[in-house]
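Everything below belongs to entry_23.txt, which stores compact mmCIF, C-alpha atoms.
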```txt
# COMPACT_ATOMS: atom_id res chain seq x y z
CA MET A 282 -1.53 -36.35 -23.82
CA LYS A 283 1.39 -37.59 -21.71
CA ILE A 284 3.17 -34.25 -22.04
CA ASP A 285 -0.01 -32.42 -21.09
CA SER A 286 -0.44 -34.61 -18.01
CA LYS A 287 3.15 -34.03 -16.94
CA LEU A 288 2.70 -30.27 -17.29
CA LYS A 289 -0.43 -30.35 -15.14
CA LEU A 290 1.39 -32.41 -12.52
CA LEU A 291 4.35 -30.01 -12.55
CA SER A 292 1.99 -27.05 -12.18
CA PHE A 293 0.35 -28.71 -9.17
CA PHE A 294 3.65 -29.24 -7.36
CA LEU A 295 4.80 -25.69 -8.13
CA ALA A 296 1.61 -24.39 -6.53
CA LEU A 297 2.42 -26.34 -3.39
CA THR A 298 5.73 -24.47 -3.11
CA PHE A 299 3.80 -21.22 -2.71
CA PHE A 300 0.69 -22.22 -0.74
CA SER A 301 1.00 -24.37 2.39
CA SER A 302 -0.65 -27.74 2.13
CA CYS A 303 -2.59 -27.31 5.34
CA GLY A 304 -4.64 -24.28 4.22
CA PRO A 305 -8.42 -24.58 3.74
CA LYS A 306 -9.94 -25.16 0.34
CA TYR A 307 -10.62 -21.97 -1.60
CA PRO A 308 -14.42 -21.54 -1.70
CA GLN A 309 -14.73 -21.11 -5.44
CA LYS A 310 -18.53 -20.91 -5.65
CA LEU A 311 -18.74 -18.50 -2.73
CA ILE A 312 -16.14 -16.11 -4.15
CA ARG A 313 -17.92 -16.07 -7.50
CA SER A 314 -21.15 -15.02 -5.78
CA TYR A 315 -19.68 -11.64 -4.87
CA GLY A 316 -19.99 -8.89 -7.45
CA ASP A 317 -17.86 -5.86 -8.22
CA GLY A 318 -20.72 -3.42 -7.85
CA ASN A 319 -19.14 -0.88 -5.47
CA ASP A 320 -18.11 2.21 -7.41
CA SER A 321 -15.23 3.10 -5.07
CA PRO A 322 -13.03 0.01 -4.80
CA TRP A 323 -9.61 0.26 -3.15
CA THR A 324 -7.52 -2.08 -5.30
CA THR A 325 -3.96 -0.96 -4.59
CA TYR A 326 -1.69 0.60 -1.98
CA GLN A 327 -2.63 4.27 -1.47
CA GLY A 328 -5.61 3.88 -3.77
CA ASN A 329 -4.13 4.48 -7.24
CA GLU A 330 -0.95 4.34 -9.30
CA LEU A 331 -0.16 7.97 -8.41
CA ARG A 332 -0.21 6.96 -4.71
CA THR A 333 -2.23 10.04 -3.70
CA SER A 334 -4.12 8.35 -0.81
CA PHE A 335 -7.34 10.19 -1.64
CA SER A 336 -10.85 8.82 -1.10
CA SER A 337 -13.92 10.42 -2.67
CA GLU A 338 -16.20 8.80 -0.09
CA ARG A 339 -17.71 10.97 2.62
CA ILE A 340 -17.79 9.80 6.21
CA ARG A 341 -18.50 11.75 9.37
CA PRO A 342 -17.78 11.06 13.04
CA PRO A 343 -18.69 9.92 15.59
CA LEU A 344 -17.84 6.36 14.57
CA GLY A 345 -18.38 3.04 16.27
CA LEU A 346 -16.70 -0.34 16.00
CA VAL A 347 -18.66 -2.63 13.65
CA TRP A 348 -16.36 -5.65 13.85
CA ARG A 349 -12.82 -6.69 14.66
CA PHE A 350 -11.12 -9.67 13.00
CA GLU A 351 -8.26 -11.38 14.82
CA THR A 352 -5.24 -12.92 13.13
CA SER A 353 -2.22 -14.57 14.72
CA ALA A 354 0.39 -11.90 13.92
CA PRO A 355 0.83 -8.16 13.29
CA ILE A 356 -0.72 -6.61 10.18
CA THR A 357 1.61 -3.94 8.82
CA ALA A 358 -0.10 -2.96 5.56
CA SER A 359 -3.52 -1.68 4.53
CA PRO A 360 -6.07 -4.00 2.87
CA CYS A 361 -7.46 -3.98 -0.65
CA ILE A 362 -11.25 -4.04 -0.95
CA ARG A 363 -13.49 -4.71 -3.93
CA GLY A 364 -16.84 -6.33 -4.57
CA GLY A 365 -17.62 -6.71 -0.88
CA LEU A 366 -14.39 -8.59 -0.13
CA VAL A 367 -11.37 -7.52 1.93
CA TYR A 368 -7.88 -8.85 1.03
CA PHE A 369 -4.84 -8.54 3.32
CA GLY A 370 -1.85 -10.47 4.64
CA ASN A 371 0.02 -10.66 7.93
CA LEU A 372 3.47 -11.54 9.25
CA ALA A 373 2.41 -15.13 10.02
CA LYS A 374 2.46 -16.07 6.31
CA LYS A 375 -1.30 -15.82 5.78
CA LEU A 376 -3.44 -14.12 3.17
CA TYR A 377 -7.00 -13.46 4.38
CA ILE A 378 -10.22 -12.84 2.47
CA LEU A 379 -13.10 -11.44 4.55
CA ASP A 380 -16.66 -10.32 3.96
CA ALA A 381 -16.43 -6.53 4.18
CA LYS A 382 -19.80 -6.02 5.90
CA SER A 383 -19.65 -8.69 8.58
CA GLY A 384 -15.92 -9.33 8.99
CA ARG A 385 -16.61 -13.04 8.50
CA LYS A 386 -13.68 -14.99 7.13
CA ILE A 387 -14.29 -16.30 3.63
CA THR A 388 -10.99 -18.15 3.57
CA ASP A 389 -7.28 -17.82 4.28
CA LEU A 390 -4.36 -19.01 2.21
CA GLY A 391 -1.12 -20.17 3.80
CA LEU A 392 1.98 -18.70 2.15
CA LYS A 393 5.65 -19.59 2.27
CA GLY A 394 6.70 -16.14 3.44
CA SER A 395 5.37 -13.29 5.55
CA VAL A 396 3.39 -10.40 4.05
CA SER A 397 4.46 -6.94 5.17
CA SER A 398 3.03 -4.94 2.25
CA SER A 399 -0.35 -4.39 0.63
CA CYS A 400 -1.51 -6.65 -2.16
CA ALA A 401 -2.90 -5.31 -5.44
CA LEU A 402 -5.85 -6.34 -7.62
CA ASP A 403 -6.58 -6.19 -11.30
CA ASP A 404 -9.66 -7.59 -13.05
CA THR A 405 -8.87 -11.27 -12.41
CA LEU A 406 -5.65 -11.47 -10.41
CA LEU A 407 -4.37 -10.67 -6.94
CA PHE A 408 -0.67 -9.81 -6.62
CA VAL A 409 1.06 -10.45 -3.31
CA ALA A 410 4.71 -10.15 -2.27
CA THR A 411 6.22 -12.36 0.42
CA GLU A 412 9.51 -12.26 2.30
CA ARG A 413 11.34 -14.02 5.18
CA GLY A 414 11.54 -17.37 3.43
CA GLY A 415 9.07 -16.60 0.67
CA ASP A 416 10.97 -13.91 -1.26
CA GLN A 417 8.70 -13.77 -4.27
CA LEU A 418 5.96 -11.91 -6.09
CA ALA A 419 3.00 -14.09 -7.01
CA ALA A 420 -0.20 -13.71 -8.98
CA ILE A 421 -3.28 -15.53 -7.68
CA ASN A 422 -6.46 -16.20 -9.64
CA LEU A 423 -9.31 -14.39 -7.85
CA LYS A 424 -11.88 -16.89 -9.09
CA ASN A 425 -10.39 -20.10 -7.72
CA GLY A 426 -7.30 -19.27 -5.64
CA ASP A 427 -4.86 -20.93 -8.04
CA ARG A 428 -1.36 -19.54 -8.31
CA VAL A 429 -0.98 -18.28 -11.90
CA TRP A 430 2.72 -17.43 -11.67
CA ARG A 431 5.47 -16.53 -9.22
CA GLN A 432 8.83 -14.81 -9.59
CA LEU A 433 11.79 -14.43 -7.25
CA ALA A 434 11.87 -11.01 -5.57
CA ARG A 435 14.27 -10.78 -2.64
CA ASP A 436 13.45 -9.11 0.66
CA VAL A 437 10.29 -7.36 -0.53
CA SER A 438 8.70 -4.92 1.90
CA THR A 439 7.10 -2.80 -0.84
CA SER A 440 3.67 -3.04 -2.45
CA PRO A 441 3.14 -3.99 -6.11
CA LEU A 442 2.29 -1.35 -8.69
CA VAL A 443 -0.15 -2.59 -11.36
CA PHE A 444 -0.36 -0.54 -14.56
CA ASP A 445 -1.41 -1.33 -18.12
CA ASP A 446 -0.54 -5.05 -18.50
CA LYS A 447 2.42 -4.86 -16.12
CA VAL A 448 3.24 -5.17 -12.43
CA ALA A 449 6.27 -3.58 -10.75
CA ILE A 450 7.91 -4.31 -7.40
CA GLY A 451 10.95 -2.99 -5.53
CA THR A 452 13.33 -5.34 -3.75
CA GLY A 453 15.62 -5.12 -0.76
CA ASP A 454 18.62 -6.00 -2.91
CA GLY A 455 18.13 -2.87 -4.98
CA TYR A 456 16.14 -3.91 -8.06
CA LEU A 457 12.98 -2.50 -9.53
CA LEU A 458 11.42 -5.45 -11.38
CA VAL A 459 8.66 -5.13 -13.98
CA PHE A 460 6.75 -8.24 -15.09
CA ASN A 461 3.98 -9.03 -17.53
CA SER A 462 0.96 -9.13 -15.21
CA SER A 463 -0.82 -12.08 -16.81
CA ARG A 464 2.16 -14.37 -17.52
CA GLY A 465 4.85 -13.25 -15.08
CA ASP A 466 7.56 -12.77 -17.71
CA LEU A 467 10.27 -10.29 -16.73
CA ILE A 468 9.99 -7.26 -19.04
CA TRP A 469 12.80 -5.17 -17.58
CA ARG A 470 14.71 -4.51 -14.38
CA PHE A 471 16.65 -1.55 -13.04
CA LYS A 472 19.42 -1.77 -10.43
CA THR A 473 20.05 0.87 -7.79
CA ALA A 474 23.01 1.04 -5.42
CA GLY A 475 20.88 0.48 -2.33
CA GLY A 476 17.82 -1.40 -1.16
CA ILE A 477 14.40 -0.26 -2.35
CA ILE A 478 12.12 0.06 0.68
CA THR A 479 9.52 2.32 -0.96
CA SER A 480 6.65 1.28 -3.20
CA PRO A 481 6.88 2.56 -6.78
CA ALA A 482 4.48 5.14 -8.22
CA LYS A 483 3.55 5.96 -11.82
CA GLY A 484 2.76 9.29 -13.45
CA GLU A 485 3.16 10.81 -16.92
CA GLU A 486 4.59 7.57 -18.38
CA LYS A 487 7.29 7.43 -15.73
CA ILE A 488 7.83 5.07 -12.82
CA PHE A 489 9.31 6.61 -9.69
CA CYS A 490 11.19 4.60 -7.09
CA GLY A 491 13.36 5.61 -4.18
CA SER A 492 16.44 3.83 -2.90
CA GLU A 493 18.58 3.66 0.20
CA ASP A 494 21.38 4.99 -2.03
CA ARG A 495 19.76 8.43 -1.42
CA HIS A 496 18.30 8.79 -4.91
CA LEU A 497 14.85 9.08 -6.37
CA TYR A 498 14.78 7.57 -9.85
CA ALA A 499 12.46 8.37 -12.78
CA LEU A 500 12.31 5.52 -15.31
CA ASP A 501 10.55 5.05 -18.63
CA THR A 502 7.56 2.74 -18.08
CA GLU A 503 8.10 0.76 -21.29
CA SER A 504 11.87 0.30 -21.39
CA GLY A 505 13.12 0.96 -17.86
CA GLU A 506 15.50 3.59 -19.24
CA LEU A 507 16.76 6.07 -16.65
CA LEU A 508 15.25 9.47 -17.43
CA TRP A 509 16.63 11.34 -14.43
CA LYS A 510 17.66 10.85 -10.82
CA PHE A 511 17.74 13.19 -7.83
CA LYS A 512 20.00 12.88 -4.80
CA ALA A 513 18.54 13.63 -1.38
CA GLY A 514 20.41 14.13 1.87
CA GLY A 515 19.48 10.68 3.19
CA SER A 516 17.87 7.41 2.17
CA VAL A 517 14.60 7.76 0.27
CA SER A 518 12.40 6.25 2.94
CA ALA A 519 8.89 7.40 1.95
CA ASP A 520 6.96 6.21 -1.08
CA PRO A 521 6.82 8.79 -3.88
CA THR A 522 3.50 10.47 -4.65
CA VAL A 523 2.69 12.08 -8.01
CA SER A 524 0.26 14.98 -8.48
CA ASP A 525 -0.08 17.97 -10.83
CA SER A 526 3.26 17.43 -12.64
CA LEU A 527 5.10 17.14 -9.32
CA VAL A 528 6.51 14.18 -7.43
CA PHE A 529 6.87 14.25 -3.63
CA PHE A 530 8.93 11.99 -1.37
CA GLY A 531 10.42 11.89 2.10
CA SER A 532 13.91 11.03 3.31
CA THR A 533 15.83 10.03 6.42
CA ASP A 534 17.41 13.49 6.25
CA SER A 535 14.10 14.64 7.87
CA CYS A 536 12.97 16.43 4.70
CA LEU A 537 10.05 16.19 2.31
CA TYR A 538 10.97 17.06 -1.28
CA ALA A 539 8.89 18.41 -4.18
CA LEU A 540 10.36 17.85 -7.67
CA THR A 541 9.11 18.42 -11.17
CA VAL A 542 8.03 15.19 -12.90
CA ALA A 543 9.51 16.24 -16.23
CA GLU A 544 13.11 16.82 -15.22
CA GLY A 545 13.52 16.17 -11.49
CA ARG A 546 14.15 19.81 -10.64
CA GLN A 547 13.67 20.64 -6.95
CA LEU A 548 10.78 23.04 -6.40
CA TRP A 549 11.04 23.13 -2.62
CA ARG A 550 12.20 21.15 0.40
CA LEU A 551 10.55 21.11 3.82
CA LYS A 552 12.59 20.28 6.91
CA THR A 553 10.87 18.46 9.80
CA GLY A 554 12.08 17.42 13.22
CA GLY A 555 12.48 13.72 12.38
CA GLU A 556 13.05 11.20 9.62
CA VAL A 557 10.23 11.01 7.07
CA PHE A 558 8.84 7.55 6.30
CA SER A 559 5.28 8.69 5.60
CA SER A 560 4.21 9.04 1.98
CA PRO A 561 2.14 12.17 1.31
CA ALA A 562 -1.59 12.24 0.64
CA VAL A 563 -2.61 14.91 -1.87
CA VAL A 564 -5.84 16.75 -2.73
CA GLY A 565 -6.93 20.27 -3.68
CA GLY A 566 -3.55 22.00 -3.61
CA MET A 567 -2.66 20.53 -0.22
CA LEU A 568 -0.52 17.60 0.86
CA PHE A 569 -0.35 15.78 4.18
CA PHE A 570 2.44 13.63 5.59
CA GLY A 571 3.82 12.41 8.89
CA SER A 572 7.26 12.56 10.47
CA ASN A 573 9.19 10.80 13.21
CA ASP A 574 8.91 14.05 15.13
CA ARG A 575 5.39 12.74 15.98
CA LYS A 576 3.61 15.31 13.84
CA LEU A 577 1.28 15.29 10.88
CA TYR A 578 1.97 18.18 8.50
CA ALA A 579 -0.51 19.98 6.22
CA VAL A 580 1.37 21.76 3.45
CA GLU A 581 0.42 24.16 0.66
CA ILE A 582 1.79 22.53 -2.49
CA GLU A 583 2.81 25.55 -4.57
CA LYS A 584 5.43 26.93 -2.16
CA GLY A 585 5.78 24.20 0.48
CA THR A 586 4.33 26.39 3.21
CA VAL A 587 3.18 24.62 6.39
CA LEU A 588 -0.49 25.38 6.99
CA TRP A 589 -0.88 23.47 10.24
CA THR A 590 0.55 20.58 12.23
CA PHE A 591 -1.02 18.03 14.54
CA GLU A 592 1.06 16.29 17.20
CA THR A 593 0.42 12.65 18.13
CA GLY A 594 1.91 10.58 20.92
CA SER A 595 4.51 8.78 18.78
CA LEU A 596 5.99 8.35 15.30
CA VAL A 597 3.80 8.93 12.25
CA GLN A 598 5.06 6.64 9.47
CA ALA A 599 1.89 5.47 7.72
CA PRO A 600 0.55 7.49 4.80
CA PRO A 601 -2.43 9.58 5.92
CA LEU A 602 -5.70 9.15 4.04
CA VAL A 603 -7.41 12.32 2.85
CA THR A 604 -11.02 12.97 1.84
CA GLU A 605 -12.77 16.14 0.69
CA ASP A 606 -12.99 17.41 4.26
CA MET A 607 -10.96 15.15 6.58
CA VAL A 608 -7.54 13.60 7.13
CA LEU A 609 -7.13 10.17 8.75
CA CYS A 610 -3.80 9.89 10.55
CA PRO A 611 -2.56 6.57 12.05
CA SER A 612 0.23 6.76 14.64
CA PHE A 613 2.62 4.44 16.46
CA ASP A 614 0.83 5.58 19.64
CA PHE A 615 -1.88 2.99 18.78
CA HIS A 616 -4.39 5.70 17.75
CA LEU A 617 -6.18 6.67 14.55
CA TYR A 618 -6.95 10.39 14.43
CA LEU A 619 -9.63 12.03 12.26
CA LEU A 620 -8.84 15.68 11.63
CA ASP A 621 -10.51 18.56 9.85
CA ARG A 622 -8.65 18.97 6.56
CA GLN A 623 -8.54 22.75 6.59
CA THR A 624 -7.73 23.41 10.24
CA GLY A 625 -6.22 20.24 11.71
CA LYS A 626 -8.84 20.22 14.46
CA LEU A 627 -9.36 16.80 16.05
CA LEU A 628 -12.81 15.43 15.19
CA TRP A 629 -12.55 11.86 16.52
CA LYS A 630 -10.00 9.27 17.55
CA CYS A 631 -9.88 5.58 18.42
CA ARG A 632 -7.31 3.35 20.08
CA THR A 633 -6.18 -0.14 19.10
CA ASP A 634 -3.82 -2.40 21.03
CA GLY A 635 -0.89 -2.09 18.64
CA MET A 636 1.20 0.34 16.61
CA LEU A 637 -0.43 1.60 13.42
CA LYS A 638 2.02 1.22 10.54
CA ALA A 639 -0.62 1.02 7.80
CA SER A 640 -2.84 3.62 6.21
CA ALA A 641 -6.57 3.51 6.87
CA VAL A 642 -8.92 2.66 3.99
CA ILE A 643 -12.48 3.90 3.39
CA TYR A 644 -14.90 1.64 1.52
CA ASP A 645 -18.69 1.89 1.37
CA ARG A 646 -18.73 4.56 4.14
CA ARG A 647 -16.69 2.44 6.52
CA ILE A 648 -13.11 2.75 7.76
CA TYR A 649 -10.87 -0.33 7.67
CA LEU A 650 -7.75 -0.22 9.83
CA ALA A 651 -4.93 -2.76 10.22
CA SER A 652 -3.04 -2.85 13.51
CA GLY A 653 0.15 -4.29 14.92
CA ASP A 654 -2.03 -6.06 17.48
CA GLY A 655 -2.95 -8.57 14.74
CA HIS A 656 -6.49 -7.29 14.20
CA LEU A 657 -8.29 -5.69 11.28
CA TYR A 658 -10.83 -3.15 12.53
CA CYS A 659 -13.97 -1.86 10.83
CA PHE A 660 -15.63 1.39 11.95
CA ALA A 661 -18.81 3.05 10.68
CA PRO A 662 -20.74 6.24 11.54
CA LYS A 663 -23.04 5.83 14.49
CA SER A 664 -26.73 6.07 13.74
CA PRO A 665 -28.41 9.16 15.18
CA LYS A 666 -30.62 8.40 18.16
```
Would you give me this structure, written as structure tokens?
Amino acid sequence: MKIDSKLKLLSFFLALTFFSSCGPKYPQKLIRSYGDGNDSPWTTYQGNELRTSFSSERIRPPLGLVWRFETSAPITASPCIRGGLVYFGNLAKKLYILDAKSGRKITDLGLKGSVSSSCALDDTLLFVATERGGDQLAAINLKNGDRVWRQLARDVSTSPLVFDDKVAIGTGDGYLLVFNSSRGDLIWRFKTAGGIITSPAKGEEKIFCGSEDRHLYALDTESGELLWKFKAGGSVSADPTVSDSLVFFGSTDSCLYALTVAEGRQLWRLKTGGEVFSSPAVVGGMLFFGSNDRKLYAVEIEKGTVLWTFETGSLVQAPPLVTEDMVLCPSFDFHLYLLDRQTGKLLWKCRTDGMLKASAVIYDRRIYLASGDGHLYCFAPKSPK
């Protein structure tokens, strides 16, 4: 009994090292009252482990602002949404949980480090990476807000990848770390020669991660064994996306690359007018990505042919979001653009008061948009008069 009591006491003090002591109590009964009934949850960065940034939901402009939630610092990553709840962090070391319909705050959790990436959800856990004093990956119990485990992960600006019973994260000191998702035990790690600033993707039993050492790496999901690597002309600066036996990624050499998943053979390379930090969105034989030349590109996948471009007022670094008929393009010019998928024609746009570094998310026929102005915005189609 004494040992058990000491373990509980130790667990309590470890939790305090992750959550600030001044945060509000986690509303356990209230959280449990929300179900997981929505059939299109958005539980991870770019929507799935392939990172294709595709939403099956249909939404049509014109749109109107439903609510706007203010935080105390910029929000640089897109939210996760499930069961009527919105989860996101900001640079002021806070993790927020909101009601998706009303924008009302359910609670916020104070963290020891800032959050610059998206969190990820599995059935019972939320995974969040912190940096700037936090430097860790942590798993939080969705039922009661308790910290289940935490592991050191230095200078993390990438989003967790949850797959099978594992969670992977890239670090600024060059490691790809893979942990057991329920216990937090390190399963394997892989070292690159540069920092990893891109979020990992998974496809065909391989994990793909890019590094500032100019390489894209393909690793075995179970062992971490290097299967192949490909050298680009600059740092791999855009998150890899996997689709139809191909993997796509962007580089600071201003190019987007298409490689075969099986062996890393280059199929084509597309040169743009600026560095590429935007991960592609993929659907129906087309991919869409942004460049620092201020343009969004629509590309035919088979040959890498440019179908159309759309020019914004500033850099396009966030991944676009694609639906069956539209593309949602955030830009550093403070605007979100809704474009026709086939033609690139502008259908609607809105302006926030900050740069848009995060992808938009669609959930239950609403658009959720994080902005550098410290607000999370929610837009919905206007009712016909």
Selection near stretch 525-538 of chain A, 8 Å with all atoms listed in the file, sequence-local residues under 3 positions removed, as a PyMOL selection string: chain A and resi 485+495+513-522+541-543+547-561+572
Counting only C-alpha atoms, which of A:Phe570, A:Phe335, A:Tyr326, A:Phe408 gets nearest to A:Thr604? A:Phe335
Find the spatial neighbours of A:Ser612, counting only C-alpha atoms, within a cut-off of 10 Å - ignore same-chain residues fewer than 4 positions away - and output them as a PyMOL selection string. chain A and resi 571+573+575-577+592-601+616-618+632+635-640
Write out as a tab-separated table the residues of stretch 460-535 of chain A that have any atom within 8 Å of an atom of stretch 424-444 of chain A, one row each with the nearest atom pair and its distance in Å to one decimal, counting all atoms listed in the file, sorted by chain and then rising number.
```
residue	atom	partner	partner_atom	distance
A:Ser462	CA	A:Val443	CA	7.7
A:Ser463	CA	A:Val429	CA	7.9
A:Arg464	CA	A:Trp430	CA	6.6
A:Gly465	CA	A:Trp430	CA	5.8
A:Ile477	CA	A:Thr439	CA	7.9
A:Ile478	CA	A:Thr439	CA	6.0
A:Thr479	CA	A:Thr439	CA	5.7
A:Ser480	CA	A:Thr439	CA	4.7
A:Pro481	CA	A:Leu442	CA	6.3
A:Ala482	CA	A:Leu442	CA	6.9
```
Nearest residue to A:Asn461 from the set A:Gly484, A:Ala420, A:Arg647, A:Phe489 (distances using only C-alpha atoms): A:Ala420
For A:Glu581, work out the shell of residues within 9 Å, counting all atoms listed in the file and skipping chain neighbours fewer than 6 positions away, then give it as a ChimeraX atom specification. /A:566-568,587-588
Would you mind telling me which residue in A:Phe350, A:Trp323, A:Phe660, A:Trp509 lies nearest to A:Arg646 when using only C-alpha atoms?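 Among the listed residues, the smallest separation from A:Arg646 belongs to A:Phe660.
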Identify the residues around (-7.1, 13.9, 12.5) within a radius of 6 Å, measuring from all atoms listed in the file in the coordinates stated by the file, and give them as a PDB file with C-alpha atoms, in the frame of the given file.
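Listing of out-v2.pdb after writing:
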```pdb
ATOM      1  CA  VAL A 608      -7.540  13.600   7.130  1.00  0.00           C
ATOM      2  CA  LEU A 609      -7.130  10.170   8.750  1.00  0.00           C
ATOM      3  CA  CYS A 610      -3.800   9.890  10.550  1.00  0.00           C
ATOM      4  CA  TYR A 618      -6.950  10.390  14.430  1.00  0.00           C
ATOM      5  CA  LEU A 619      -9.630  12.030  12.260  1.00  0.00           C
ATOM      6  CA  LEU A 620      -8.840  15.680  11.630  1.00  0.00           C
ATOM      7  CA  LEU A 627      -9.360  16.800  16.050  1.00  0.00           C
TER       8      LEU A 627
END
```
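Nearest to A:Tyr368 of all the residues A:Ser524, A:Ser395, A:Thr325, A:Ser504 is A:Thr325, based on all atoms listed in the file.
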Expressed in Å to a single decimal, how great is the separation between atom CA of A:Ser664 and atom CA of A:Glu605?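 One can read the atom CA of A:Ser664 to atom CA of A:Glu605 distance as 21.6 Å.
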How would you write as a VMD selection string the residues that get within 12 Å of (4.9, -15.6, -3.0) in the file's frame, counting only C-alpha atoms? chain A and resid 295 to 301 370 374 to 376 390 to 397 400 407 to 421 428 to 437
Show me, as a PyMOL selection string, the residues that have an atom within 7 Å of A:Ile356 when counting only C-alpha atoms, minus same-chain residues fewer than 6 positions from it. chain A and resi 370-372+651-653+655
Hey, which of A:Trp348, A:Gly365, A:His656, A:Pro343 ends up closest to A:Cys631? Count all atoms listed in the file.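 That would be A:Pro343, the residue with the smallest distance to A:Cys631.
Atom CA of A:Trp589 lies 13.6 Å from atom CA of A:Met607.
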Atom CA of A:His496 to atom CA of A:Gly453, distance in Å rounded to a single decimal: 14.8 Å
Taking into account only C-alpha atoms, which residue in the set A:Pro322, A:Gly565, A:Gly384, A:Gly345 is nearest to A:Lys663? A:Gly345
Considering only C-alpha atoms, return as a list in words whatever protein or nucleic-acid residues lie within 6 Å of A:Tyr658, sequence-local ones (same chain, fewer than 2 positions apart) excluded. Arg349, Tyr649 and Leu650 of chain A
Create the file for the chosen residues now, containing C-alpha atoms and written as an mmCIF file, keeping the file's coordinate frame.
```cif
data_model
loop_
_atom_site.group_PDB
_atom_site.id
_atom_site.type_symbol
_atom_site.label_atom_id
_atom_site.label_comp_id
_atom_site.auth_asym_id
_atom_site.auth_seq_id
_atom_site.Cartn_x
_atom_site.Cartn_y
_atom_site.Cartn_z
ATOM 1 C CA ARG A 349 -12.820 -6.690 14.660
ATOM 2 C CA TYR A 649 -10.870 -0.330 7.670
ATOM 3 C CA LEU A 650 -7.750 -0.220 9.830
#
```
